>>> print(open('start28.pdb').read())   # PDB, C-alpha atoms
ATOM      1  CA  MET A   1     101.018 119.140  80.618
ATOM      2  CA  GLN A   2      98.952 121.507  82.693
ATOM      3  CA  THR A   3     100.433 123.421  85.621
ATOM      4  CA  GLN A   4      98.623 123.931  88.906
ATOM      5  CA  GLU A   5      98.915 126.444  91.740
ATOM      6  CA  MET A   6      99.483 124.897  95.158
ATOM      7  CA  ALA A   7     100.075 126.217  98.638
ATOM      8  CA  LEU A   8     103.626 125.299  99.630
ATOM      9  CA  ILE A   9     104.894 124.100 102.995
ATOM     10  CA  THR A  10     108.631 123.558 103.351
ATOM     11  CA  ARG A  11     110.563 121.744 106.038
ATOM     12  CA  ASP A  12     113.987 120.159 106.366
ATOM     13  CA  ALA A  13     112.299 116.810 105.782
ATOM     14  CA  LEU A  14     111.093 114.683 102.902
ATOM     15  CA  LEU A  15     107.575 113.454 102.175
ATOM     16  CA  LEU A  16     106.932 111.146  99.218
ATOM     17  CA  PRO A  17     103.763 109.493  97.860
ATOM     18  CA  ASP A  18     102.044 107.228 100.412
ATOM     19  CA  GLY A  19     104.346 108.588 103.120
ATOM     20  CA  ARG A  20     103.171 110.396 106.219
ATOM     21  CA  ILE A  21     104.730 113.107 108.331
ATOM     22  CA  GLU A  22     103.578 115.015 111.384
ATOM     23  CA  ILE A  23     104.630 118.653 111.541
ATOM     24  CA  ARG A  24     104.091 121.412 114.058
ATOM     25  CA  MET A  25     102.657 124.679 112.786
ATOM     26  CA  VAL A  26     103.510 127.851 114.712
ATOM     27  CA  ASP A  27     103.950 130.534 112.050
ATOM     28  CA  PRO A  28     100.647 132.380 111.421
ATOM     29  CA  SER A  29     101.266 132.340 107.647
ATOM     30  CA  TYR A  30     101.334 128.526 107.711
ATOM     31  CA  LEU A  31      98.135 128.490 109.769
ATOM     32  CA  HIS A  32      96.535 130.605 107.014
ATOM     33  CA  VAL A  33      97.816 128.077 104.455
ATOM     34  CA  VAL A  34      96.224 125.214 106.411
ATOM     35  CA  ALA A  35      92.942 127.128 106.566
ATOM     36  CA  ASP A  36      93.044 127.867 102.808
ATOM     37  CA  VAL A  37      93.791 124.206 102.013
ATOM     38  CA  LEU A  38      90.991 122.941 104.253
ATOM     39  CA  LYS A  39      88.591 125.447 102.626
ATOM     40  CA  GLY A  40      89.548 124.039  99.212
ATOM     41  CA  LYS A  41      91.255 127.203  97.912
ATOM     42  CA  TYR A  42      94.494 125.398  97.071
ATOM     43  CA  PRO A  43      95.893 121.892  96.956
ATOM     44  CA  LEU A  44      98.944 121.494  99.188
ATOM     45  CA  ALA A  45     102.548 120.738  98.214
ATOM     46  CA  PHE A  46     105.308 119.736 100.648
ATOM     47  CA  GLY A  47     108.882 120.532  99.664
ATOM     48  CA  MET A  48     112.293 120.035 101.241
ATOM     49  CA  PHE A  49     113.601 123.370 102.496
ATOM     50  CA  LYS A  50     116.531 124.850 100.574
ATOM     51  CA  ALA A  51     118.411 127.611 102.365
ATOM     52  CA  ASN A  52     118.589 130.829 100.349
ATOM     53  CA  GLY A  53     116.530 129.183  97.608
ATOM     54  CA  LEU A  54     113.968 130.891  95.437
ATOM     55  CA  PRO A  55     111.597 129.135  95.607
ATOM     56  CA  PRO A  56     112.461 128.123  99.186
ATOM     57  CA  CYS A  57     112.640 124.413  98.380
ATOM     58  CA  TYR A  58     114.171 121.887  96.011
ATOM     59  CA  PRO A  59     112.289 121.401  92.726
ATOM     60  CA  ASN A  60     110.987 117.899  93.527
ATOM     61  CA  ALA A  61     108.052 118.109  95.921
ATOM     62  CA  THR A  62     104.952 116.100  96.782
ATOM     63  CA  GLN A  63     101.315 117.063  96.619
ATOM     64  CA  CYS A  64      99.766 115.966  99.899
ATOM     65  CA  GLU A  65      96.617 115.993 101.958
ATOM     66  CA  ILE A  66      96.020 116.927 105.575
ATOM     67  CA  ILE A  67      94.705 113.709 107.105
ATOM     68  CA  ASP A  68      94.696 114.698 110.789
ATOM     69  CA  PHE A  69      95.392 117.646 113.063
ATOM     70  CA  ASN A  70      95.607 118.334 116.788
ATOM     71  CA  GLN A  71      96.015 121.391 118.973
ATOM     72  CA  LEU A  72      99.083 120.919 121.153
ATOM     73  CA  GLN A  73      99.458 121.986 124.788
ATOM     74  CA  ASP A  74     101.322 125.148 123.763
ATOM     75  CA  ASN A  75      98.362 126.069 121.474
ATOM     76  CA  SER A  76     100.349 125.351 118.316
ATOM     77  CA  LEU A  77      98.864 123.080 115.669
ATOM     78  CA  SER A  78     100.157 119.634 114.750
ATOM     79  CA  ILE A  79      99.113 118.302 111.352
ATOM     80  CA  VAL A  80      99.641 114.919 109.737
ATOM     81  CA  LEU A  81     100.274 115.037 105.992
ATOM     82  CA  GLU A  82     100.025 112.127 103.567
ATOM     83  CA  GLY A  83     101.917 112.290 100.284
ATOM     84  CA  LYS A  84      99.870 111.670  97.145
ATOM     85  CA  GLN A  85     101.597 112.778  93.943
ATOM     86  CA  ARG A  86     105.076 113.888  92.975
ATOM     87  CA  VAL A  87     105.229 117.390  91.511
ATOM     88  CA  LYS A  88     107.923 119.719  90.184
ATOM     89  CA  ILE A  89     108.032 123.240  91.585
ATOM     90  CA  LEU A  90     108.375 125.511  88.560
ATOM     91  CA  SER A  91     108.139 128.835  90.421
ATOM     92  CA  ALA A  92     106.782 130.273  93.640
ATOM     93  CA  ALA A  93     105.651 133.622  94.955
ATOM     94  CA  LYS A  94     105.462 134.812  98.532
ATOM     95  CA  ARG A  95     102.116 136.248  99.633
ATOM     96  CA  LYS A  96     101.873 139.352 101.820
ATOM     97  CA  ASP A  97     101.213 137.117 104.843
ATOM     98  CA  GLY A  98     104.488 135.237 104.230
ATOM     99  CA  ALA A  99     102.973 132.050 102.800
ATOM    100  CA  TRP A 100     104.234 130.626  99.509
ATOM    101  CA  ILE A 101     102.121 129.711  96.492
ATOM    102  CA  ALA A 102     103.889 127.503  93.941
ATOM    103  CA  ARG A 103     103.278 126.795  90.271
ATOM    104  CA  THR A 104     103.652 123.008  89.929
ATOM    105  CA  LEU A 105     103.735 120.355  87.244
ATOM    106  CA  ARG A 106     102.705 116.773  87.929
ATOM    107  CA  SER A 107     105.532 114.186  87.859
ATOM    108  CA  SER A 108     105.322 110.405  87.683
ATOM    109  CA  ASN A 109     105.088 108.406  90.888
ATOM    110  CA  TRP A 110     107.145 105.226  91.105
ATOM    111  CA  ASP A 111     105.201 102.099  90.142
ATOM    112  CA  GLN A 112     104.533  99.463  92.757
ATOM    113  CA  GLU A 113     106.651  96.351  92.410
ATOM    114  CA  PRO A 114     107.335  93.353  94.635
ATOM    115  CA  ILE A 115     110.490  93.121  96.740
ATOM    116  CA  GLN A 116     112.454  90.058  95.713
ATOM    117  CA  GLY A 117     115.691  88.276  96.492
ATOM    118  CA  GLU A 118     118.345  90.041  98.514
ATOM    119  CA  PHE A 119     116.258  93.242  98.531
ATOM    120  CA  GLU A 120     113.994  91.622 101.122
ATOM    121  CA  LEU A 121     116.749  92.693 103.538
ATOM    122  CA  ILE A 122     115.822  96.373 103.116
ATOM    123  CA  SER A 123     112.208  95.525 103.883
ATOM    124  CA  ALA A 124     113.174  93.582 107.034
ATOM    125  CA  ALA A 125     115.470  96.427 108.113
ATOM    126  CA  LEU A 126     112.642  98.967 107.677
ATOM    127  CA  GLU A 127     110.375  96.769 109.783
ATOM    128  CA  GLN A 128     113.043  96.773 112.530
ATOM    129  CA  PHE A 129     113.482 100.534 112.166
ATOM    130  CA  TYR A 130     109.744 101.021 112.721
ATOM    131  CA  GLU A 131     109.832  98.759 115.790
ATOM    132  CA  VAL A 132     112.503 101.028 117.292
ATOM    133  CA  ASN A 133     110.654 104.192 116.156
ATOM    134  CA  PRO A 134     106.974 103.536 116.935
ATOM    135  CA  GLU A 135     106.130 107.246 116.568
ATOM    136  CA  LEU A 136     106.827 106.867 112.839
ATOM    137  CA  SER A 137     105.140 103.514 112.288
ATOM    138  CA  GLY A 138     102.165 104.793 114.291
ATOM    139  CA  LEU A 139     101.420 107.274 111.506
ATOM    140  CA  TYR A 140     100.465 104.389 109.186
ATOM    141  CA  ALA A 141      97.323 102.266 109.218
ATOM    142  CA  ASN A 142      99.016  99.893 106.738
ATOM    143  CA  ILE A 143     102.713  99.226 106.239
ATOM    144  CA  HIS A 144     103.548  97.831 102.788
ATOM    145  CA  LEU A 145     106.801  95.936 103.341
ATOM    146  CA  GLU A 146     106.105  93.823 100.227
ATOM    147  CA  ASP A 147     106.238  96.846  97.871
ATOM    148  CA  ALA A 148     109.731  97.896  96.753
ATOM    149  CA  SER A 149     108.641 101.435  95.866
ATOM    150  CA  TRP A 150     106.895 101.974  99.200
ATOM    151  CA  VAL A 151     109.879 100.639 101.179
ATOM    152  CA  SER A 152     112.395 102.649  99.120
ATOM    153  CA  GLN A 153     110.469 105.881  99.591
ATOM    154  CA  ARG A 154     110.150 105.362 103.353
ATOM    155  CA  TRP A 155     113.932 104.841 103.539
ATOM    156  CA  LEU A 156     114.520 108.073 101.606
ATOM    157  CA  GLU A 157     112.292 109.897 104.091
ATOM    158  CA  VAL A 158     114.183 108.694 107.171
ATOM    159  CA  LEU A 159     117.822 108.265 106.092
ATOM    160  CA  PRO A 160     120.123 111.066 107.285
ATOM    161  CA  LEU A 161     121.321 112.184 103.850
ATOM    162  CA  TYR A 162     121.884 115.637 102.432
ATOM    163  CA  ASN A 163     118.701 116.939 100.799
ATOM    164  CA  LYS A 164     120.497 117.333  97.465
ATOM    165  CA  ASP A 165     121.469 113.629  97.569
ATOM    166  CA  LYS A 166     117.885 112.625  98.352
ATOM    167  CA  GLN A 167     116.792 114.713  95.361
ATOM    168  CA  VAL A 168     119.119 112.752  93.058
ATOM    169  CA  LEU A 169     117.667 109.423  94.220
ATOM    170  CA  MET A 170     114.034 110.529  94.150
ATOM    171  CA  ASN A 171     114.503 112.018  90.666
ATOM    172  CA  GLN A 172     115.095 108.530  89.224
ATOM    173  CA  PRO A 173     112.355 106.933  87.064
ATOM    174  CA  ASN A 174     111.892 104.045  89.554
ATOM    175  CA  CYS A 175     113.012 102.815  92.958
ATOM    176  CA  HIS A 176     115.932 100.626  91.758
ATOM    177  CA  LYS A 177     118.812 103.035  92.504
ATOM    178  CA  THR A 178     117.367 103.745  95.952
ATOM    179  CA  MET A 179     117.020 100.018  96.638
ATOM    180  CA  ASP A 180     120.638  99.447  95.580
ATOM    181  CA  PHE A 181     121.817 102.368  97.727
ATOM    182  CA  VAL A 182     119.935 101.214 100.848
ATOM    183  CA  LEU A 183     121.025  97.593 100.381
ATOM    184  CA  ASP A 184     124.687  98.649 100.051
ATOM    185  CA  LEU A 185     124.325 100.865 103.125
ATOM    186  CA  ILE A 186     122.834  98.030 105.199
ATOM    187  CA  LYS A 187     125.456  95.516 104.010
ATOM    188  CA  SER A 188     128.260  97.941 104.880
ATOM    189  CA  HIS A 189     127.060  98.005 108.506
ATOM    190  CA  VAL A 190     126.628  94.238 108.946
ATOM    191  CA  ASP A 191     129.466  92.366 110.629
TER     192      ASP A 191
END
>>> encode(input="start28.pdb", output="structure tokens")
Amino acid sequence: MQTQEMALITRDALLLPDGRIEIRMVDPSYLHVVADVLKGKYPLAFGMFKANGLPPCYPNATQCEIIDFNQLQDNSLSIVLEGKQRVKILSAAKRKDGAWIARTLRSSNWDQEPIQGEFELISAALEQFYEVNPELSGLYANIHLEDASWVSQRWLEVLPLYNKDKQVLMNQPNCHKTMDFVLDLIKSHVD
């Protein structure tokens, strides 16, 4: 497999394929990264921040694209990222301007599969979650509640779990363990 250099943005958040996240950019080094990505110098990877880590994120990350951006009232930049492809961070180096460039290796995305049986509950619960959190659902033109992989990945992005626990679930070959986990979590909170 061939490795690829990517600009690296880290946050205490998770972005997976077909997911979207809006982040605020204040640090000048990140603004340089955005400029380099938009100029086509580097593809962009988004990783979950890992305190005291070298590289500064967990090894499972997602190649993403900038699909929208806005200047905010305080003159900072807000960008919307869309996840495309899972990647492994093999190494990373910090540039003089403080930005990180990572050496990555492509990983397999989870295959689409229909939600069936009792797992339809996790889809219905995600739909309710988005109704209560319209700022998140508003990031999507299309919501794929019929796709088990899509629903599982959106749950991993929003559930308040430790990053290391999210890494275990997202490192699985398919969405089944995540579906089981979310279903058990929902059932444990139903009267």
>>> closest_residue(input="start28.pdb", among="A:Ser149, A:Thr104, A:Ser123, A:Gln4", to="Ile186 of chain A", atoms="all atoms listed in the file")
A:Ser123
>>> resolve_selection(input="start28.pdb", expression="the PyMOL selection byres ((chain A and resi 77-79) around 12)", output="PyMOL selection string")
chain A and resi 9+20-28+30-32+34-35+38+64-76+80-82+139
>>> closest_residue(input="start28.pdb", among="A:Ser188, A:Thr3, A:Gln85, A:Asn60", to="Arg103 of chain A", atoms="all atoms listed in the file")
A:Thr3
>>> resolve_selection(input="start28.pdb", expression="the PyMOL selection byres ((chain A and resi 126) around 12)", output="number ranges by chain")
A: 119-125, 127-134, 136-137, 143-148, 150-159, 179, 182-183, 186
>>> residues_around(input="start28.pdb", residues="segment 43-47 of chain A", least_positions_apart="5", cutoff="6 Å", atoms="only C-alpha atoms", output="list in words")
Met6, Ala7, Leu8, Ile9, Thr10, Val37, Cys57, Ala61, Thr62, Gln63 and Cys64 of chain A
>>> resolve_selection(input="start28.pdb", expression="the PyMOL selection byres ((chain A and resi 97) around 10)", output="JSON, numbers by chain")
{"A": [28, 29, 30, 32, 33, 94, 95, 96, 98, 99, 100]}
>>> build_atoms(input="start28.pdb", residues="segment 28-50 of chain A", atoms="N, CA, C and O atoms", output="compact mmCIF listing (two decimals), in the frame of the given file")
# COMPACT_ATOMS: atom_id res chain seq x y z
N PRO A 28 102.01 132.04 111.85
CA PRO A 28 100.65 132.38 111.42
C PRO A 28 100.42 132.23 109.91
O PRO A 28 99.33 131.87 109.49
N SER A 29 101.46 132.48 109.10
CA SER A 29 101.27 132.34 107.65
C SER A 29 100.96 130.89 107.28
O SER A 29 100.15 130.62 106.39
N TYR A 30 101.61 129.93 107.98
CA TYR A 30 101.33 128.53 107.71
C TYR A 30 99.94 128.14 108.20
O TYR A 30 99.27 127.29 107.61
N LEU A 31 99.50 128.76 109.29
CA LEU A 31 98.14 128.49 109.77
C LEU A 31 97.12 128.97 108.74
O LEU A 31 96.10 128.32 108.52
N HIS A 32 97.41 130.11 108.09
CA HIS A 32 96.54 130.60 107.01
C HIS A 32 96.53 129.62 105.83
O HIS A 32 95.50 129.38 105.21
N VAL A 33 97.71 129.06 105.53
CA VAL A 33 97.82 128.08 104.46
C VAL A 33 96.94 126.87 104.77
O VAL A 33 96.18 126.40 103.92
N VAL A 34 97.03 126.37 106.00
CA VAL A 34 96.22 125.21 106.41
C VAL A 34 94.74 125.54 106.26
O VAL A 34 93.96 124.74 105.72
N ALA A 35 94.35 126.73 106.69
CA ALA A 35 92.94 127.13 106.57
C ALA A 35 92.53 127.18 105.09
O ALA A 35 91.45 126.68 104.73
N ASP A 36 93.37 127.78 104.24
CA ASP A 36 93.04 127.87 102.81
C ASP A 36 92.93 126.49 102.17
O ASP A 36 92.06 126.24 101.35
N VAL A 37 93.83 125.57 102.56
CA VAL A 37 93.79 124.21 102.01
C VAL A 37 92.51 123.50 102.46
O VAL A 37 91.82 122.86 101.66
N LEU A 38 92.19 123.61 103.75
CA LEU A 38 90.99 122.94 104.25
C LEU A 38 89.71 123.53 103.67
O LEU A 38 88.71 122.83 103.53
N LYS A 39 89.75 124.81 103.28
CA LYS A 39 88.59 125.45 102.63
C LYS A 39 88.52 125.10 101.14
O LYS A 39 87.58 125.48 100.46
N GLY A 40 89.55 124.42 100.63
CA GLY A 40 89.55 124.04 99.21
C GLY A 40 90.07 125.10 98.27
O GLY A 40 89.92 124.97 97.05
N LYS A 41 90.73 126.14 98.79
CA LYS A 41 91.26 127.20 97.91
C LYS A 41 92.45 126.73 97.10
O LYS A 41 92.65 127.16 95.97
N TYR A 42 93.28 125.90 97.73
CA TYR A 42 94.49 125.40 97.07
C TYR A 42 94.72 123.94 97.44
O TYR A 42 94.45 123.55 98.57
N PRO A 43 95.30 123.15 96.53
CA PRO A 43 95.89 121.89 96.96
C PRO A 43 97.19 122.23 97.69
O PRO A 43 97.69 123.36 97.61
N LEU A 44 97.77 121.26 98.37
CA LEU A 44 98.94 121.49 99.19
C LEU A 44 100.14 120.72 98.66
O LEU A 44 100.02 119.54 98.33
N ALA A 45 101.29 121.39 98.59
CA ALA A 45 102.55 120.74 98.21
C ALA A 45 103.51 120.84 99.39
O ALA A 45 103.55 121.85 100.09
N PHE A 46 104.30 119.78 99.59
CA PHE A 46 105.31 119.74 100.65
C PHE A 46 106.66 119.61 99.97
O PHE A 46 106.90 118.69 99.20
N GLY A 47 107.56 120.55 100.27
CA GLY A 47 108.88 120.53 99.66
C GLY A 47 109.98 120.55 100.71
O GLY A 47 109.78 121.06 101.82
N MET A 48 111.13 120.00 100.36
CA MET A 48 112.29 120.04 101.24
C MET A 48 112.91 121.43 101.19
O MET A 48 113.25 121.93 100.12
N PHE A 49 113.06 122.02 102.36
CA PHE A 49 113.60 123.37 102.50
C PHE A 49 114.99 123.47 101.88
O PHE A 49 115.83 122.59 102.05
N LYS A 50 115.22 124.56 101.16
CA LYS A 50 116.53 124.85 100.57
C LYS A 50 116.93 126.25 101.01
O LYS A 50 116.30 127.24 100.62
